[in-house]
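Student: One structure, as structure tokens, below. Some questions next.
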Amino acid sequence: MAAGFKTADPLEYHRSFLKENCRPDGRELLEFRTTTVNIGSIGTADGSALVKLGNTTVICGVKAELANPSVEEPGKGFVVPNVDLPPLCSSQFRPGPPGEQAQTASHFLADIIQSSEMLQTEDLCIERGKLCWSLYCDLICLDYDGNILDACTLALLAALKNTTLPAVSVNGETGAPQVDLEKRHKLKIVRHPVAASFCLFDQSIVLADPVAEEEQVATAHVTLATDEGGRLCSVRKPGGTSLSGDKLQELTRRATARQKHIHQLIDKVIKSIGPLGSVISQRATAGSEPRSPTRESSALTSAPPK
């Protein structure tokens, strides 16, 4: 009966829950879904991470390649994010070239990398004007259930934190690069931007971390990316209902609290990683203290805490 009601009138179906200050999946209005991070998921990549935000699952692999610096910035390397939303993750996506949503996600990540200064691209330069690293960050959605921007931002950050680069020198006589795969160093991450997405329902009710069904009936969407210093790195609001200054400030405070929780989660994963990798799962609720994490052996999925 409930499934038929949801299909026939999804708007009224969600209203019936919101009247009781809850959501169909049992969350509070401003509660984020369980977040799971797995680092080092792809053995052949220079860095990788798998992230689950509720049912939304994104995997990111970083591949480092030697390249020539640009003429405009001869002392910098490159970080190139690319998001893929294949048909296997949801029936709403079709085969072929990247759709609008995938391109939007890729541009959003590129904007965060640049505006947040999460890493110094000068660190990717090997020899000024001659040789640098180009980091290709490929993100693939394995299961889509809304809020792809938050999941992709977290997967990118965790994968870059896991990235190591081999030592490279340039032969003085031939000018050819010499790569020592035995000597590797970690990529230095300066800042840790985290995205927090919200949607507006009936032009006034704010929901955090919307699922796909909530995104479809929402009147507006907004995504805020903040770093550990509380600095607002990026804002994305593609039209829809307007937001007052007070409401935007409130969402920024919740995004800042979310950043702190996620930053702690990534640090715990990094510190606890073993020979085969490990997973820490934690429910991080905006505006409140996170629950105690649960640790499991290396796996791609982790049961959420009750």
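Each chain in the structure tokens gets a letter, A, B, ..., in the order shown, and its residues are numbered from 1; ligands are numbered from 1 in order too.
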Residues near Asp145 (chain A), anyone? I mean within 9 Å using only C-alpha atoms, not counting same-chain ones fewer than 4 positions away, as a PDB file with all heavy atoms, in the first residue's frame.
Tutor:
```pdb
ATOM      1  N   LEU A  53      27.995   6.388   1.046  1.00  0.00           N
ATOM      2  CA  LEU A  53      27.171   7.370   1.735  1.00  0.00           C
ATOM      3  C   LEU A  53      25.750   6.836   1.674  1.00  0.00           C
ATOM      4  O   LEU A  53      25.027   7.058   0.713  1.00  0.00           O
ATOM      5  CB  LEU A  53      27.290   8.729   1.044  1.00  0.00           C
ATOM      6  CG  LEU A  53      26.687   9.944   1.747  1.00  0.00           C
ATOM      7  CD1 LEU A  53      27.287  10.139   3.131  1.00  0.00           C
ATOM      8  CD2 LEU A  53      26.901  11.184   0.908  1.00  0.00           C
ATOM      9  N   GLY A  54      25.364   6.079   2.727  1.00  0.00           N
ATOM     10  CA  GLY A  54      24.123   5.324   2.631  1.00  0.00           C
ATOM     11  C   GLY A  54      24.297   4.258   1.570  1.00  0.00           C
ATOM     12  O   GLY A  54      25.220   3.450   1.620  1.00  0.00           O
ATOM     13  N   ASN A  55      23.419   4.269   0.551  1.00  0.00           N
ATOM     14  CA  ASN A  55      23.555   3.323  -0.556  1.00  0.00           C
ATOM     15  C   ASN A  55      24.401   3.869  -1.696  1.00  0.00           C
ATOM     16  O   ASN A  55      24.849   3.105  -2.556  1.00  0.00           O
ATOM     17  CB  ASN A  55      22.169   2.940  -1.096  1.00  0.00           C
ATOM     18  CG  ASN A  55      21.384   2.083  -0.121  1.00  0.00           C
ATOM     19  OD1 ASN A  55      21.956   1.295   0.623  1.00  0.00           O
ATOM     20  ND2 ASN A  55      20.068   2.244  -0.105  1.00  0.00           N
ATOM     21  N   THR A  56      24.609   5.176  -1.738  1.00  0.00           N
ATOM     22  CA  THR A  56      25.434   5.761  -2.794  1.00  0.00           C
ATOM     23  C   THR A  56      26.883   5.335  -2.610  1.00  0.00           C
ATOM     24  O   THR A  56      27.479   5.570  -1.563  1.00  0.00           O
ATOM     25  CB  THR A  56      25.330   7.302  -2.764  1.00  0.00           C
ATOM     26  OG1 THR A  56      23.976   7.682  -3.025  1.00  0.00           O
ATOM     27  CG2 THR A  56      26.233   7.923  -3.818  1.00  0.00           C
ATOM     28  N   THR A  57      27.431   4.700  -3.635  1.00  0.00           N
ATOM     29  CA  THR A  57      28.783   4.140  -3.560  1.00  0.00           C
ATOM     30  C   THR A  57      29.638   4.669  -4.699  1.00  0.00           C
ATOM     31  O   THR A  57      29.246   4.589  -5.870  1.00  0.00           O
ATOM     32  CB  THR A  57      28.744   2.604  -3.639  1.00  0.00           C
ATOM     33  OG1 THR A  57      27.847   2.096  -2.645  1.00  0.00           O
ATOM     34  CG2 THR A  57      30.126   2.007  -3.405  1.00  0.00           C
ATOM     35  N   CYS A  89      24.945   1.886 -12.227  1.00  0.00           N
ATOM     36  CA  CYS A  89      24.687   2.467 -10.915  1.00  0.00           C
ATOM     37  C   CYS A  89      23.239   2.899 -10.746  1.00  0.00           C
ATOM     38  O   CYS A  89      22.748   3.001  -9.623  1.00  0.00           O
ATOM     39  CB  CYS A  89      25.625   3.635 -10.638  1.00  0.00           C
ATOM     40  SG  CYS A  89      25.272   5.136 -11.588  1.00  0.00           S
ATOM     41  N   SER A  90      22.550   3.179 -11.848  1.00  0.00           N
ATOM     42  CA  SER A  90      21.149   3.581 -11.784  1.00  0.00           C
ATOM     43  C   SER A  90      20.539   3.517 -13.172  1.00  0.00           C
ATOM     44  O   SER A  90      21.209   3.817 -14.172  1.00  0.00           O
ATOM     45  CB  SER A  90      21.015   4.998 -11.224  1.00  0.00           C
ATOM     46  OG  SER A  90      19.676   5.453 -11.303  1.00  0.00           O
ATOM     47  N   PRO A 210      20.268  14.457   0.841  1.00  0.00           N
ATOM     48  CA  PRO A 210      19.064  13.879   0.230  1.00  0.00           C
ATOM     49  C   PRO A 210      19.351  12.610  -0.571  1.00  0.00           C
ATOM     50  O   PRO A 210      20.393  12.504  -1.230  1.00  0.00           O
ATOM     51  CB  PRO A 210      18.572  15.000  -0.691  1.00  0.00           C
ATOM     52  CG  PRO A 210      19.809  15.766  -1.034  1.00  0.00           C
ATOM     53  CD  PRO A 210      20.664  15.722   0.196  1.00  0.00           C
ATOM     54  N   VAL A 211      18.431  11.663  -0.508  1.00  0.00           N
ATOM     55  CA  VAL A 211      18.510  10.475  -1.358  1.00  0.00           C
ATOM     56  C   VAL A 211      17.911  10.828  -2.714  1.00  0.00           C
ATOM     57  O   VAL A 211      17.376  11.923  -2.919  1.00  0.00           O
ATOM     58  CB  VAL A 211      17.769   9.286  -0.717  1.00  0.00           C
ATOM     59  CG1 VAL A 211      18.414   8.906   0.606  1.00  0.00           C
ATOM     60  CG2 VAL A 211      16.295   9.599  -0.524  1.00  0.00           C
ATOM     61  N   ALA A 212      17.983   9.888  -3.653  1.00  0.00           N
ATOM     62  CA  ALA A 212      17.547  10.174  -5.022  1.00  0.00           C
ATOM     63  C   ALA A 212      16.078  10.573  -5.081  1.00  0.00           C
ATOM     64  O   ALA A 212      15.703  11.505  -5.812  1.00  0.00           O
ATOM     65  CB  ALA A 212      17.805   8.949  -5.900  1.00  0.00           C
ATOM     66  N   GLU A 213      15.218   9.899  -4.315  1.00  0.00           N
ATOM     67  CA  GLU A 213      13.789  10.215  -4.337  1.00  0.00           C
ATOM     68  C   GLU A 213      13.527  11.616  -3.795  1.00  0.00           C
ATOM     69  O   GLU A 213      12.656  12.327  -4.304  1.00  0.00           O
ATOM     70  CB  GLU A 213      13.015   9.179  -3.517  1.00  0.00           C
ATOM     71  CG  GLU A 213      13.010   7.793  -4.138  1.00  0.00           C
ATOM     72  CD  GLU A 213      12.289   6.791  -3.264  1.00  0.00           C
ATOM     73  OE1 GLU A 213      11.955   7.145  -2.101  1.00  0.00           O
ATOM     74  OE2 GLU A 213      12.040   5.666  -3.725  1.00  0.00           O
TER      75      GLU A 213
END
```
Student: As a ChimeraX atom specification, please: every residue in region 78-293 of chain A that a backbone DSSP assignment puts in strand (DSSP E or B).
Tutor: /A:78-84,125-127,131-143,164-170,177-186,194-201,205-208,220-226,232-236,278-282
Student: Restricting it to C-alpha atoms, dump the selection as a short mmCIF file (atom, residue, chain, number, x, y, z; two decimals), in the first residue's frame.
Tutor:
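again-v2.cif, written as the output of this step:
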```cif
data_model
loop_
_atom_site.label_atom_id
_atom_site.label_comp_id
_atom_site.auth_asym_id
_atom_site.auth_seq_id
_atom_site.Cartn_x
_atom_site.Cartn_y
_atom_site.Cartn_z
CA PHE A 78 48.09 18.77 -12.96
CA VAL A 79 45.19 17.19 -11.05
CA VAL A 80 42.42 16.05 -13.41
CA PRO A 81 39.18 14.69 -11.87
CA ASN A 82 36.66 12.80 -14.00
CA VAL A 83 33.31 11.45 -12.78
CA ASP A 84 31.54 8.57 -14.52
CA CYS A 125 56.66 19.73 -10.60
CA ILE A 126 59.80 17.62 -11.09
CA GLU A 127 61.85 19.98 -13.27
CA LEU A 131 58.67 17.55 -16.37
CA CYS A 132 55.81 17.23 -13.90
CA TRP A 133 53.24 14.79 -12.54
CA SER A 134 49.71 14.66 -13.91
CA LEU A 135 47.28 12.99 -11.48
CA TYR A 136 44.27 11.49 -13.24
CA CYS A 137 41.51 10.97 -10.66
CA ASP A 138 38.83 8.68 -12.11
CA LEU A 139 35.66 8.38 -10.04
CA ILE A 140 33.03 5.76 -10.87
CA CYS A 141 29.64 5.54 -9.19
CA LEU A 142 28.81 1.91 -8.44
CA ASP A 143 25.43 2.56 -6.82
CA THR A 164 52.14 7.83 -3.19
CA LEU A 165 54.48 8.91 -5.99
CA PRO A 166 57.77 7.25 -7.02
CA ALA A 167 61.03 9.18 -6.94
CA VAL A 168 61.92 10.69 -10.31
CA SER A 169 65.14 12.27 -11.54
CA VAL A 170 66.15 13.62 -14.93
CA PRO A 177 63.30 10.74 -16.77
CA GLN A 178 64.43 7.95 -14.46
CA VAL A 179 61.75 6.50 -12.19
CA ASP A 180 62.60 4.60 -9.00
CA LEU A 181 59.52 2.57 -8.10
CA GLU A 182 61.14 1.34 -4.88
CA LYS A 183 61.31 4.84 -3.40
CA ARG A 184 57.90 6.42 -2.98
CA HIS A 185 56.65 9.42 -1.03
CA LYS A 186 53.18 10.45 0.06
CA VAL A 194 34.41 18.30 2.48
CA ALA A 195 31.10 18.89 0.72
CA ALA A 196 27.73 18.94 2.48
CA SER A 197 24.56 18.95 0.39
CA PHE A 198 21.06 20.02 1.35
CA CYS A 199 17.73 20.27 -0.45
CA LEU A 200 14.64 22.36 0.15
CA PHE A 201 11.22 20.78 0.31
CA ILE A 205 11.91 22.58 4.88
CA VAL A 206 15.64 21.79 4.70
CA LEU A 207 16.85 18.20 4.35
CA ALA A 208 20.50 17.16 4.69
CA ALA A 220 16.08 23.61 -4.61
CA HIS A 221 19.51 22.08 -3.97
CA VAL A 222 22.61 23.61 -2.43
CA THR A 223 26.09 22.15 -1.82
CA LEU A 224 28.65 23.84 0.44
CA ALA A 225 32.30 22.79 0.60
CA THR A 226 34.30 23.86 3.67
CA LEU A 232 33.93 28.26 2.52
CA CYS A 233 35.68 26.80 -0.53
CA SER A 234 32.80 26.39 -2.95
CA VAL A 235 29.04 26.90 -3.19
CA ARG A 236 26.78 25.33 -5.78
CA SER A 278 40.97 -1.56 6.97
CA VAL A 279 37.59 0.07 7.20
CA ILE A 280 36.15 2.42 9.77
CA SER A 281 32.45 3.11 9.63
CA GLN A 282 30.92 6.04 11.44
#
```
Student: So, with only C-alpha atoms as the atoms that count, which of A:Ser115, A:Asn147, A:Asn162, A:Gln120 lies closest to Ser41 (chain A)?
Tutor: A:Asn162
Student: To one decimal place, how far is CA of His261 (chain A) from CA of Ile112 (chain A) in Å?
Tutor: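 Taking CA of His261 (chain A) and CA of Ile112 (chain A), their separation equals 18.8 Å.
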Student: I'd like to know which residues of region 25-104 of chain A are alpha helix (DSSP H) (by DSSP, run on the backbone); could you write them as a ChimeraX atom specification?
Tutor: /A:100-104
Student: Once you have the residues from the selection above, write them out as a compact mmCIF listing (two decimals), in the first residue's frame, restricted to N, CA, C and O atoms.
Tutor:
```
# COMPACT_ATOMS: atom_id res chain seq x y z
N GLU A 100 25.06 15.37 -18.35
CA GLU A 100 25.18 16.67 -17.70
C GLU A 100 25.55 16.54 -16.23
O GLU A 100 26.38 17.29 -15.72
N GLN A 101 24.94 15.57 -15.52
CA GLN A 101 25.22 15.44 -14.10
C GLN A 101 26.66 15.01 -13.84
O GLN A 101 27.30 15.50 -12.91
N ALA A 102 27.18 14.10 -14.67
CA ALA A 102 28.57 13.66 -14.52
C ALA A 102 29.54 14.81 -14.81
O ALA A 102 30.53 15.00 -14.10
N GLN A 103 29.25 15.59 -15.85
CA GLN A 103 30.11 16.73 -16.17
C GLN A 103 30.06 17.78 -15.07
O GLN A 103 31.09 18.38 -14.72
N THR A 104 28.88 17.99 -14.50
CA THR A 104 28.74 18.96 -13.41
C THR A 104 29.57 18.53 -12.21
O THR A 104 30.24 19.35 -11.57
```
Student: Report, in Å to a single decimal, how far apart CA of Val190 (chain A) and CA of Gly47 (chain A) are.
Tutor: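 CA of Gly47 (chain A) sits 16.7 Å away from CA of Val190 (chain A).
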Student: Quick one: distance from CA of Cys152 (chain A) to CA of Ile39 (chain A) in Å, one decimal?
Tutor: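 So the two atoms, CA of Cys152 (chain A) and CA of Ile39 (chain A), lie 14.0 Å apart.
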